[in-house]
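J.: model-v8.pdb is the file, holding PDB, C-alpha atoms:
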```pdb
ATOM      1  CA  MET A 776     -28.138  25.498  29.971
ATOM      2  CA  LEU A 777     -29.212  23.159  32.774
ATOM      3  CA  LYS A 778     -33.023  23.237  32.967
ATOM      4  CA  SER A 779     -33.731  20.673  35.663
ATOM      5  CA  LEU A 780     -32.056  18.086  37.895
ATOM      6  CA  GLN A 781     -33.811  15.085  39.464
ATOM      7  CA  VAL A 782     -32.246  12.832  42.101
ATOM      8  CA  GLN A 783     -33.582   9.597  43.572
ATOM      9  CA  ASN A 784     -31.985   7.436  46.293
ATOM     10  CA  LEU A 785     -28.685   9.291  46.220
ATOM     11  CA  ALA A 786     -26.842   9.242  49.560
ATOM     12  CA  LEU A 787     -29.325  10.710  52.101
ATOM     13  CA  VAL A 788     -31.777  12.013  49.514
ATOM     14  CA  GLU A 789     -34.743   9.811  48.742
ATOM     15  CA  LYS A 790     -36.149  12.059  46.054
ATOM     16  CA  ALA A 791     -35.530  15.645  44.965
ATOM     17  CA  GLN A 792     -36.057  17.852  41.927
ATOM     18  CA  LEU A 793     -34.586  21.264  41.121
ATOM     19  CA  ASP A 794     -35.765  23.506  38.288
ATOM     20  CA  PHE A 795     -33.428  26.220  37.073
ATOM     21  CA  HIS A 796     -34.319  29.514  35.428
ATOM     22  CA  ASP A 797     -32.622  31.660  32.803
ATOM     23  CA  GLY A 798     -29.714  33.684  34.068
ATOM     24  CA  LEU A 799     -27.895  33.202  37.341
ATOM     25  CA  ASN A 800     -29.160  30.566  39.768
ATOM     26  CA  VAL A 801     -27.722  30.435  43.289
ATOM     27  CA  ILE A 802     -28.132  27.574  45.774
ATOM     28  CA  THR A 803     -27.319  28.496  49.341
ATOM     29  CA  GLY A 804     -27.566  26.735  52.672
ATOM     30  CA  GLU A 805     -25.740  25.780  55.810
ATOM     31  CA  THR A 806     -23.002  23.174  55.914
ATOM     32  CA  GLY A 807     -24.559  19.759  55.530
ATOM     33  CA  ALA A 808     -27.666  21.083  53.781
ATOM     34  CA  GLY A 809     -26.847  19.088  50.642
ATOM     35  CA  LYS A 810     -25.181  21.595  48.305
ATOM     36  CA  SER A 811     -22.216  19.277  47.577
ATOM     37  CA  LEU A 812     -24.624  16.369  47.068
ATOM     38  CA  LEU A 813     -26.336  18.271  44.238
ATOM     39  CA  VAL A 814     -22.994  19.079  42.665
ATOM     40  CA  GLY A 815     -22.074  15.394  42.940
ATOM     41  CA  ALA A 816     -25.373  14.424  41.320
ATOM     42  CA  LEU A 817     -24.668  16.748  38.387
ATOM     43  CA  ASN A 818     -21.178  15.263  38.080
ATOM     44  CA  LEU A 819     -22.718  11.809  37.808
ATOM     45  CA  ALA A 820     -25.016  13.033  35.043
ATOM     46  CA  LEU A 821     -22.003  14.436  33.203
ATOM     47  CA  GLY A 822     -20.177  11.092  33.188
ATOM     48  CA  GLU A 823     -17.924  11.183  36.256
ATOM     49  CA  ARG A 824     -17.127   7.809  37.810
ATOM     50  CA  ALA A 825     -19.585   6.713  40.476
ATOM     51  CA  ASP A 826     -18.982   5.507  44.027
ATOM     52  CA  ARG A 827     -21.095   2.468  44.848
ATOM     53  CA  GLY A 828     -21.528   3.966  48.326
ATOM     54  CA  ALA A 829     -23.584   6.754  46.761
ATOM     55  CA  VAL A 830     -26.638   4.500  46.733
ATOM     56  CA  ARG A 831     -28.997   5.310  49.614
ATOM     57  CA  ASP A 832     -29.206   2.727  52.392
ATOM     58  CA  GLY A 833     -31.987   0.266  51.737
ATOM     59  CA  ALA A 834     -32.081   0.980  47.981
ATOM     60  CA  THR A 835     -30.573  -1.112  45.184
ATOM     61  CA  GLN A 836     -29.794   1.803  42.887
ATOM     62  CA  CYS A 837     -29.837   5.566  42.607
ATOM     63  CA  THR A 838     -30.901   7.662  39.617
ATOM     64  CA  VAL A 839     -29.856  11.101  38.433
ATOM     65  CA  GLU A 840     -31.582  12.799  35.522
ATOM     66  CA  ALA A 841     -30.600  16.158  34.032
ATOM     67  CA  CYS A 842     -32.378  18.118  31.322
ATOM     68  CA  PHE A 843     -30.424  20.637  29.227
ATOM     69  CA  THR A 844     -31.700  23.182  26.721
ATOM     70  CA  LEU A 845     -29.338  23.681  23.810
ATOM     71  CA  ARG A 846     -28.649  26.703  21.642
ATOM     72  CA  GLU A 847     -29.194  26.333  17.887
ATOM     73  CA  ASN A 848     -25.502  26.058  16.974
ATOM     74  CA  SER A 849     -24.559  23.732  19.822
ATOM     75  CA  PRO A 850     -21.934  21.095  18.813
ATOM     76  CA  VAL A 851     -24.010  18.563  20.774
ATOM     77  CA  PHE A 852     -26.356  18.187  17.786
ATOM     78  CA  ALA A 853     -23.479  17.084  15.551
ATOM     79  CA  MET A 854     -22.289  14.650  18.196
ATOM     80  CA  LEU A 855     -25.766  13.126  18.512
ATOM     81  CA  ASN A 856     -25.754  12.492  14.766
ATOM     82  CA  GLU A 857     -22.217  11.111  14.893
ATOM     83  CA  TYR A 858     -23.120   8.498  17.511
ATOM     84  CA  GLY A 859     -26.519   7.708  15.988
ATOM     85  CA  LEU A 860     -28.470   8.934  19.026
ATOM     86  CA  PRO A 861     -32.062  10.258  18.970
ATOM     87  CA  ALA A 862     -32.518  13.919  18.152
ATOM     88  CA  CYS A 863     -33.545  16.404  20.818
ATOM     89  CA  LEU A 864     -37.211  17.255  21.240
ATOM     90  CA  ASN A 865     -37.795  21.019  21.373
ATOM     91  CA  GLY A 866     -34.051  21.519  21.784
ATOM     92  CA  GLU A 867     -33.946  19.621  25.101
ATOM     93  CA  LEU A 868     -31.342  16.948  25.824
ATOM     94  CA  ILE A 869     -32.142  14.478  28.606
ATOM     95  CA  VAL A 870     -29.335  12.623  30.356
ATOM     96  CA  ARG A 871     -30.123   9.845  32.852
ATOM     97  CA  ARG A 872     -27.616   7.941  34.954
ATOM     98  CA  ILE A 873     -28.421   4.841  37.010
ATOM     99  CA  VAL A 874     -25.869   3.671  39.572
ATOM    100  CA  ALA A 875     -26.459   0.247  41.142
ATOM    101  CA  VAL A 876     -24.539  -1.848  43.629
ATOM    102  CA  ASN A 877     -23.903  -4.475  40.959
ATOM    103  CA  GLY A 878     -23.356  -2.131  37.985
ATOM    104  CA  GLY A 879     -24.838   0.850  36.219
ATOM    105  CA  ARG A 880     -26.385   2.232  33.058
ATOM    106  CA  GLN A 881     -26.537   5.580  31.334
ATOM    107  CA  PHE A 882     -28.881   7.048  28.722
ATOM    108  CA  ILE A 883     -28.989  10.040  26.392
ATOM    109  CA  ASN A 884     -32.459  10.864  25.093
ATOM    110  CA  ASP A 885     -33.561   7.440  26.388
ATOM    111  CA  SER A 886     -30.907   5.654  24.283
ATOM    112  CA  ALA A 887     -28.279   3.594  26.123
ATOM    113  CA  VAL A 888     -24.668   4.781  25.788
ATOM    114  CA  THR A 889     -21.315   3.879  27.285
ATOM    115  CA  LEU A 890     -19.866   5.862  30.139
ATOM    116  CA  GLN A 891     -17.113   7.123  27.832
ATOM    117  CA  VAL A 892     -19.682   8.551  25.405
ATOM    118  CA  LEU A 893     -21.614  10.142  28.253
ATOM    119  CA  LYS A 894     -18.384  11.797  29.433
ATOM    120  CA  LEU A 895     -17.804  13.243  25.956
ATOM    121  CA  PHE A 896     -21.262  14.819  25.994
ATOM    122  CA  GLY A 897     -20.791  15.990  29.584
ATOM    123  CA  ASP A 898     -17.665  17.932  28.599
ATOM    124  CA  LEU A 899     -19.806  19.905  26.136
ATOM    125  CA  LEU A 900     -22.853  20.356  28.346
ATOM    126  CA  ALA A 901     -21.410  21.855  31.515
ATOM    127  CA  ASP A 902     -18.169  23.166  32.951
ATOM    128  CA  MET A 903     -17.616  22.428  36.629
ATOM    129  CA  HIS A 904     -15.407  24.920  38.442
ATOM    130  CA  GLY A 905     -13.839  24.288  41.815
ATOM    131  CA  PRO A 906     -10.605  24.968  43.699
ATOM    132  CA  HIS A 907      -8.951  21.866  42.324
ATOM    133  CA  ASP A 908     -11.097  21.087  39.246
ATOM    134  CA  HIS A 909      -9.943  21.403  35.644
ATOM    135  CA  GLN A 910     -11.211  24.666  34.183
ATOM    136  CA  SER A 911     -11.916  24.978  30.487
ATOM    137  CA  LEU A 912     -11.125  28.696  30.642
ATOM    138  CA  LEU A 913      -7.472  27.712  30.847
ATOM    139  CA  ASP A 914      -7.777  25.764  27.586
ATOM    140  CA  PRO A 915      -6.715  27.886  24.547
ATOM    141  CA  GLY A 916      -9.273  26.060  22.436
ATOM    142  CA  ALA A 917     -12.080  26.991  24.808
ATOM    143  CA  GLN A 918     -10.834  30.584  24.862
ATOM    144  CA  LEU A 919     -11.119  30.742  21.069
ATOM    145  CA  GLU A 920     -14.634  29.288  21.259
ATOM    146  CA  LEU A 921     -15.691  32.025  23.663
ATOM    147  CA  LEU A 922     -14.033  34.763  21.613
ATOM    148  CA  ASP A 923     -15.628  33.587  18.353
ATOM    149  CA  GLY A 924     -18.979  33.270  20.088
ATOM    150  CA  PHE A 925     -18.750  36.807  21.473
ATOM    151  CA  GLY A 926     -17.925  38.171  18.029
ATOM    152  CA  ARG A 927     -20.721  36.141  16.393
ATOM    153  CA  LEU A 928     -18.132  34.597  14.077
ATOM    154  CA  ASP A 929     -19.514  31.070  13.985
ATOM    155  CA  ARG A 930     -20.472  31.160  10.282
ATOM    156  CA  LEU A 931     -17.252  32.884   9.242
ATOM    157  CA  ARG A 932     -15.276  30.348  11.256
ATOM    158  CA  ARG A 933     -17.090  27.406   9.617
ATOM    159  CA  ASP A 934     -16.405  28.850   6.158
ATOM    160  CA  TYR A 935     -12.750  29.421   7.009
ATOM    161  CA  THR A 936     -12.441  25.925   8.497
ATOM    162  CA  ALA A 937     -13.847  24.398   5.303
ATOM    163  CA  VAL A 938     -11.403  26.340   3.107
ATOM    164  CA  TYR A 939      -8.473  25.603   5.426
ATOM    165  CA  THR A 940      -9.311  21.892   5.548
ATOM    166  CA  SER A 941      -9.531  21.772   1.752
ATOM    167  CA  HIS A 942      -6.206  23.605   1.463
ATOM    168  CA  GLU A 943      -4.504  21.209   3.868
ATOM    169  CA  GLU A 944      -5.913  18.220   1.969
ATOM    170  CA  LEU A 945      -4.554  19.600  -1.314
ATOM    171  CA  LEU A 946      -1.146  20.123   0.265
ATOM    172  CA  ARG A 947      -1.206  16.570   1.622
ATOM    173  CA  ARG A 948      -2.167  15.208  -1.792
ATOM    174  CA  ARG A 949       0.594  17.211  -3.456
ATOM    175  CA  ARG A 950       3.140  15.768  -1.028
ATOM    176  CA  GLU A 951       1.890  12.251  -1.819
ATOM    177  CA  LEU A 952       2.143  12.879  -5.568
ATOM    178  CA  GLN A 953       5.616  14.377  -5.143
ATOM    179  CA  GLN A 954       6.749  11.338  -3.191
ATOM    180  CA  LEU A 955       5.192   9.073  -5.814
ATOM    181  CA  SER A 956       6.908  11.034  -8.591
ATOM    182  CA  ASP A 957      10.276  10.848  -6.823
ATOM    183  CA  SER A 958       9.808   7.143  -6.215
ATOM    184  CA  SER A 959       8.844   6.505  -9.858
ATOM    185  CA  ARG A 960      11.809   8.513 -11.128
ATOM    186  CA  ASP A 961      14.207   6.627  -8.860
ATOM    187  CA  TRP A 962      12.750   3.305 -10.030
ATOM    188  CA  LEU A 963      13.023   4.252 -13.719
ATOM    189  CA  GLU A 964      16.598   5.446 -13.238
ATOM    190  CA  PHE A 965      17.439   2.167 -11.521
ATOM    191  CA  GLN A 966      15.918   0.198 -14.410
ATOM    192  CA  LEU A 967      17.830   2.262 -16.953
ATOM    193  CA  ARG A 968      21.120   1.721 -15.117
ATOM    194  CA  GLU A 969      20.425  -2.010 -14.907
ATOM    195  CA  LEU A 970      19.756  -2.252 -18.653
ATOM    196  CA  GLU A 971      22.792  -0.134 -19.540
ATOM    197  CA  GLU A 972      25.071  -2.184 -17.301
ATOM    198  CA  ALA A 973      23.710  -5.413 -18.810
ATOM    199  CA  GLY A 974      24.666  -4.180 -22.304
ATOM    200  CA  LEU A 975      22.235  -6.498 -24.052
ATOM    201  CA  ASP A 976      22.390  -7.146 -27.785
ATOM    202  CA  GLU A 977      20.071  -9.462 -29.686
ATOM    203  CA  ALA A 978      22.808 -10.543 -32.102
ATOM    204  CA  GLU A 979      25.132 -11.402 -29.230
ATOM    205  CA  GLU A 980      22.428 -13.526 -27.609
ATOM    206  CA  THR A 981      21.980 -15.513 -30.816
ATOM    207  CA  VAL A 982      25.725 -16.163 -31.056
ATOM    208  CA  LEU A 983      25.904 -17.169 -27.392
ATOM    209  CA  LEU A 984      23.006 -19.592 -27.747
ATOM    210  CA  ASP A 985      24.699 -21.248 -30.741
ATOM    211  CA  GLU A 986      27.983 -21.463 -28.848
ATOM    212  CA  GLN A 987      26.260 -22.896 -25.776
ATOM    213  CA  LYS A 988      24.630 -25.581 -27.905
ATOM    214  CA  LEU A 989      27.946 -26.382 -29.595
ATOM    215  CA  LEU A 990      30.024 -26.579 -26.400
ATOM    216  CA  GLY A 991      27.277 -28.364 -24.507
ATOM    217  CA  ASN A 992      27.262 -31.151 -27.119
ATOM    218  CA  SER A 993      31.010 -31.156 -27.787
ATOM    219  CA  GLN A 994      31.555 -34.921 -27.893
ATOM    220  CA  ARG A 995      28.621 -35.650 -30.169
ATOM    221  CA  VAL A 996      29.556 -32.787 -32.506
ATOM    222  CA  GLN A 997      33.103 -34.146 -32.746
ATOM    223  CA  GLU A 998      31.833 -37.615 -33.609
ATOM    224  CA  LEU A 999      29.374 -36.453 -36.279
ATOM    225  CA  ALA A1000      31.778 -33.958 -37.863
ATOM    226  CA  ALA A1001      34.534 -36.599 -38.036
ATOM    227  CA  GLU A1002      32.178 -39.092 -39.663
ATOM    228  CA  ALA A1003      30.934 -36.530 -42.189
ATOM    229  CA  GLY A1004      34.497 -35.454 -42.965
ATOM    230  CA  ALA A1005      35.586 -39.035 -43.517
ATOM    231  CA  GLN A1006      32.693 -39.670 -45.906
ATOM    232  CA  LEU A1007      33.530 -36.545 -47.852
ATOM    233  CA  MET A1008      37.336 -36.712 -48.013
ATOM    234  CA  ASP A1009      39.240 -39.197 -45.880
ATOM    235  CA  ALA A1010      37.650 -42.593 -46.498
ATOM    236  CA  GLU A1011      38.808 -44.700 -49.436
ATOM    237  CA  THR A1012      35.254 -44.622 -50.771
ATOM    238  CA  SER A1013      34.760 -40.967 -49.956
ATOM    239  CA  ALA A1014      32.605 -38.684 -52.029
ATOM    240  CA  PHE A1015      35.673 -36.730 -53.174
ATOM    241  CA  ASN A1016      37.430 -39.853 -54.415
ATOM    242  CA  ALA A1017      34.280 -40.986 -56.243
ATOM    243  CA  LEU A1018      33.945 -37.568 -57.879
ATOM    244  CA  ALA A1019      37.655 -37.640 -58.838
ATOM    245  CA  VAL A1020      37.235 -41.032 -60.522
ATOM    246  CA  ALA A1021      34.196 -39.778 -62.404
ATOM    247  CA  HIS A1022      36.038 -36.605 -63.421
ATOM    248  CA  ASN A1023      38.974 -38.606 -64.815
ATOM    249  CA  ALA A1024      36.567 -40.894 -66.708
ATOM    250  CA  LEU A1025      34.865 -37.913 -68.312
ATOM    251  CA  GLU A1026      38.237 -36.432 -69.242
ATOM    252  CA  ALA A1027      39.174 -39.689 -71.011
ATOM    253  CA  LEU A1028      35.708 -39.967 -72.563
ATOM    254  CA  GLU A1029      36.101 -36.579 -74.198
ATOM    255  CA  GLN A1030      38.860 -38.076 -76.358
ATOM    256  CA  LEU A1031      36.417 -40.627 -77.703
ATOM    257  CA  ALA A1032      33.088 -38.819 -77.875
ATOM    258  CA  SER A1033      31.653 -35.372 -78.020
ATOM    259  CA  LEU A1034      30.365 -34.429 -74.530
ATOM    260  CA  PRO A1035      28.640 -31.300 -73.138
ATOM    261  CA  GLY A1036      31.312 -28.938 -71.865
ATOM    262  CA  THR A1037      29.493 -28.397 -68.588
ATOM    263  CA  TRP A1038      29.793 -31.977 -67.332
ATOM    264  CA  ARG A1039      33.398 -31.911 -66.327
ATOM    265  CA  THR A1040      33.105 -28.304 -65.097
ATOM    266  CA  GLU A1041      30.216 -29.195 -62.814
ATOM    267  CA  LEU A1042      32.092 -32.212 -61.436
ATOM    268  CA  ALA A1043      35.125 -30.032 -60.735
ATOM    269  CA  ALA A1044      32.904 -27.525 -58.904
ATOM    270  CA  ALA A1045      31.379 -30.359 -56.855
ATOM    271  CA  MET A1046      34.853 -31.597 -55.896
ATOM    272  CA  THR A1047      35.781 -28.068 -54.784
ATOM    273  CA  LYS A1048      32.593 -27.795 -52.712
ATOM    274  CA  VAL A1049      33.264 -31.167 -51.060
ATOM    275  CA  ARG A1050      36.804 -30.067 -50.198
ATOM    276  CA  GLU A1051      35.540 -26.747 -48.710
ATOM    277  CA  THR A1052      32.840 -28.504 -46.685
ATOM    278  CA  ALA A1053      35.413 -30.940 -45.258
ATOM    279  CA  ARG A1054      37.617 -27.998 -44.315
ATOM    280  CA  GLU A1055      34.679 -26.282 -42.560
ATOM    281  CA  LEU A1056      33.954 -29.501 -40.686
ATOM    282  CA  GLU A1057      37.548 -29.511 -39.430
ATOM    283  CA  GLY A1058      37.026 -25.941 -38.193
ATOM    284  CA  LEU A1059      33.789 -26.970 -36.490
ATOM    285  CA  MET A1060      35.584 -29.811 -34.707
ATOM    286  CA  GLN A1061      38.202 -27.359 -33.444
ATOM    287  CA  ARG A1062      35.515 -24.972 -32.154
ATOM    288  CA  ALA A1063      33.675 -27.865 -30.514
ATOM    289  CA  GLU A1064      36.659 -28.988 -28.468
ATOM    290  CA  ALA A1065      35.591 -29.414 -24.824
ATOM    291  CA  ASP A1066      36.177 -26.137 -22.913
ATOM    292  CA  PRO A1067      34.316 -26.130 -19.555
ATOM    293  CA  GLU A1068      35.650 -22.688 -18.650
ATOM    294  CA  ARG A1069      34.342 -21.090 -21.833
ATOM    295  CA  LEU A1070      31.024 -22.920 -21.480
ATOM    296  CA  GLY A1071      30.669 -21.485 -17.964
ATOM    297  CA  GLN A1072      31.342 -17.962 -19.254
ATOM    298  CA  VAL A1073      28.727 -18.355 -21.987
ATOM    299  CA  GLU A1074      26.088 -19.692 -19.600
ATOM    300  CA  GLN A1075      26.800 -16.925 -17.068
ATOM    301  CA  ARG A1076      26.327 -14.288 -19.753
ATOM    302  CA  LEU A1077      23.111 -15.932 -20.974
ATOM    303  CA  SER A1078      21.787 -15.929 -17.407
ATOM    304  CA  VAL A1079      21.924 -12.115 -17.543
ATOM    305  CA  TYR A1080      19.683 -12.193 -20.617
ATOM    306  CA  GLN A1081      17.284 -14.589 -18.898
ATOM    307  CA  LYS A1082      17.128 -12.453 -15.749
ATOM    308  CA  ILE A1083      16.359  -9.263 -17.666
ATOM    309  CA  LYS A1084      13.712 -11.013 -19.795
ATOM    310  CA  ARG A1085      11.985 -12.424 -16.723
ATOM    311  CA  LYS A1086      12.005  -9.007 -15.088
ATOM    312  CA  TYR A1087      10.992  -6.796 -18.011
ATOM    313  CA  GLY A1088       9.546  -9.256 -20.533
ATOM    314  CA  GLY A1089      10.693  -9.944 -24.083
ATOM    315  CA  PHE A1090      14.011  -8.808 -25.459
ATOM    316  CA  CYS A1091      15.181  -5.613 -23.777
ATOM    317  CA  ARG A1092      17.775  -3.303 -25.213
ATOM    318  CA  ALA A1093      18.984  -0.420 -23.100
ATOM    319  CA  PRO A1094      17.811   2.811 -24.743
ATOM    320  CA  SER A1095      20.273   5.490 -25.687
ATOM    321  CA  VAL A1096      19.936   8.588 -23.538
ATOM    322  CA  ALA A1097      20.822  11.989 -24.902
ATOM    323  CA  ASN A1098      22.833  14.135 -22.544
TER     324      ASN A1098
END
```
Just give me the structure as structure tokens.
T.:
Amino acid sequence: MLKSLQVQNLALVEKAQLDFHDGLNVITGETGAGKSLLVGALNLALGERADRGAVRDGATQCTVEACFTLRENSPVFAMLNEYGLPACLNGELIVRRIVAVNGGRQFINDSAVTLQVLKLFGDLLADMHGPHDHQSLLDPGAQLELLDGFGRLDRLRRDYTAVYTSHEELLRRRRELQQLSDSSRDWLEFQLRELEEAGLDEAEETVLLDEQKLLGNSQRVQELAAEAGAQLMDAETSAFNALAVAHNALEALEQLASLPGTWRTELAAAMTKVRETARELEGLMQRAEADPERLGQVEQRLSVYQKIKRKYGGFCRAPSVAN
């Protein structure tokens, strides 16, 4: 409740002090006695905007100071702690407002605050009622405060608020986890589809890499395979011809001397191997014929492997999924 109100250099008042008592206090007087001035002074203390013309003629500033006594469960105590303001002494809150021609200041328990903070405290300290003023009794929140206060339900309400807040936080957390779970499932399903559509196979990659190397070096492969083939079969001094001469010499030598039976057999096997190798070289030359279109297909397929490896790391094979 409002305990006292002091005014200095406000409008026509040089200095005045009012002390209020418990219960109902009534200020009466004729028109012009200063009743509205006191109401205006209290409004200033509660954080209403000031009119520079409120300063008394001849003075540089006016001061309004109000002292309030607070009940034990007043929300003002929590707000003082929230804004780091000094605690009340003997349950009394002192508000002082200085209005000057060139500015103003405001204090709560002798600690400077902004006008906005003072207004927040003022809304808790007093409720001004007039024909055109906002009335907290019309606010459903204020109605609940009064009802709970009348029923002495403050402790029960605090306990319920704590449980309700915890419940709401758990619901919020569950929604976050559900969204995270849905998001993770969607991402895993996307990855699985991507791997399945890629149809990766380690053996295929090996074959493609060999084919890319072969087609990418087509001309050089042709040259080397042709040279090797000539040395094995086609040239006059080829390995096959040399082996054939040696084989015929051994065949004739057998008529004149006793020779191991494996000599001519081994030479015949070597001639067969040379012939097979030359044939394989011809096949290699055919496979190495320049084919830009096929080379492009191979490189495009290999780019899929490279993309998946960069994205997922290592060799990735799409897992089989049981239906």
J.: Just so the selection is clear, what residues does the PyMOL selection byres ((chain A and resi 1017) around 12) cover here, as a PyMOL selection string?
T.: chain A and resi 1006-1016+1018-1024+1042-1043+1045-1046+1049
J.: I need the residues from that last selection saved to file as a PDB file, keeping the file's coordinate frame (with C-alpha atoms), if you can.
T.:
```pdb
ATOM      1  CA  GLN A1006      32.693 -39.670 -45.906  1.00  0.00           C
ATOM      2  CA  LEU A1007      33.530 -36.545 -47.852  1.00  0.00           C
ATOM      3  CA  MET A1008      37.336 -36.712 -48.013  1.00  0.00           C
ATOM      4  CA  ASP A1009      39.240 -39.197 -45.880  1.00  0.00           C
ATOM      5  CA  ALA A1010      37.650 -42.593 -46.498  1.00  0.00           C
ATOM      6  CA  GLU A1011      38.808 -44.700 -49.436  1.00  0.00           C
ATOM      7  CA  THR A1012      35.254 -44.622 -50.771  1.00  0.00           C
ATOM      8  CA  SER A1013      34.760 -40.967 -49.956  1.00  0.00           C
ATOM      9  CA  ALA A1014      32.605 -38.684 -52.029  1.00  0.00           C
ATOM     10  CA  PHE A1015      35.673 -36.730 -53.174  1.00  0.00           C
ATOM     11  CA  ASN A1016      37.430 -39.853 -54.415  1.00  0.00           C
ATOM     12  CA  LEU A1018      33.945 -37.568 -57.879  1.00  0.00           C
ATOM     13  CA  ALA A1019      37.655 -37.640 -58.838  1.00  0.00           C
ATOM     14  CA  VAL A1020      37.235 -41.032 -60.522  1.00  0.00           C
ATOM     15  CA  ALA A1021      34.196 -39.778 -62.404  1.00  0.00           C
ATOM     16  CA  HIS A1022      36.038 -36.605 -63.421  1.00  0.00           C
ATOM     17  CA  ASN A1023      38.974 -38.606 -64.815  1.00  0.00           C
ATOM     18  CA  ALA A1024      36.567 -40.894 -66.708  1.00  0.00           C
ATOM     19  CA  LEU A1042      32.092 -32.212 -61.436  1.00  0.00           C
ATOM     20  CA  ALA A1043      35.125 -30.032 -60.735  1.00  0.00           C
ATOM     21  CA  ALA A1045      31.379 -30.359 -56.855  1.00  0.00           C
ATOM     22  CA  MET A1046      34.853 -31.597 -55.896  1.00  0.00           C
ATOM     23  CA  VAL A1049      33.264 -31.167 -51.060  1.00  0.00           C
TER      24      VAL A1049
END
```
J.: Identify, on the basis of only C-alpha atoms, every residue whose closest approach to range 1061-1063 of chain A does not exceed 9 Å; exclude the query and any residue fewer than 3 positions from it along the same chain; express the result as a PyMOL selection string.
T.: chain A and resi 986+989-994+996-997+1056-1058+1066
J.: Ranking A:Cys837, A:Leu777, A:Leu999, A:Ala1027 by minimum distance to Met1060 in chain A and counting only C-alpha atoms, which one comes first?
T.: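 Among the listed residues, A:Leu999 lies closest to Met1060 in chain A.
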J.: Excluding range 1067-1078 of chain A and residues on its chain fewer than 3 positions from it, collect all residues at most 7 Å away from it, counting all atoms listed in the file, and give them as a list in words.
T.: Leu983, Gln987, Leu990, Gln1081 and Lys1082 of chain A
J.: Can you spit out the residues from that selection as a PDB file, in the coordinates of the input, using C-alpha atoms?
T.:
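result_13.pdb, freshly written:
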```pdb
ATOM      1  CA  LEU A 983      25.904 -17.169 -27.392  1.00  0.00           C
ATOM      2  CA  GLN A 987      26.260 -22.896 -25.776  1.00  0.00           C
ATOM      3  CA  LEU A 990      30.024 -26.579 -26.400  1.00  0.00           C
ATOM      4  CA  GLN A1081      17.284 -14.589 -18.898  1.00  0.00           C
ATOM      5  CA  LYS A1082      17.128 -12.453 -15.749  1.00  0.00           C
TER       6      LYS A1082
END
```
J.: Between CA of Tyr935 in chain A and CA of Glu951 in chain A, what is the spacing in Å?
T.: 24.2 Å
J.: Choose the residue, out of A:Leu813, A:Val938, A:Val982, A:Leu928, that has the smallest atom-to-atom separation from Asn848 in chain A; count all atoms listed in the file.
T.: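 For Asn848 in chain A, the nearest of the candidates is A:Leu928.
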J.: Counting all atoms listed in the file, which residues have an atom no more than 9 Å from (-31.4, 16.7, 30.7) in the file's coordinates? Please list them as a VMD selection string.
T.: chain A and resid 777 to 780 820 840 to 844 867 to 871 883 to 884
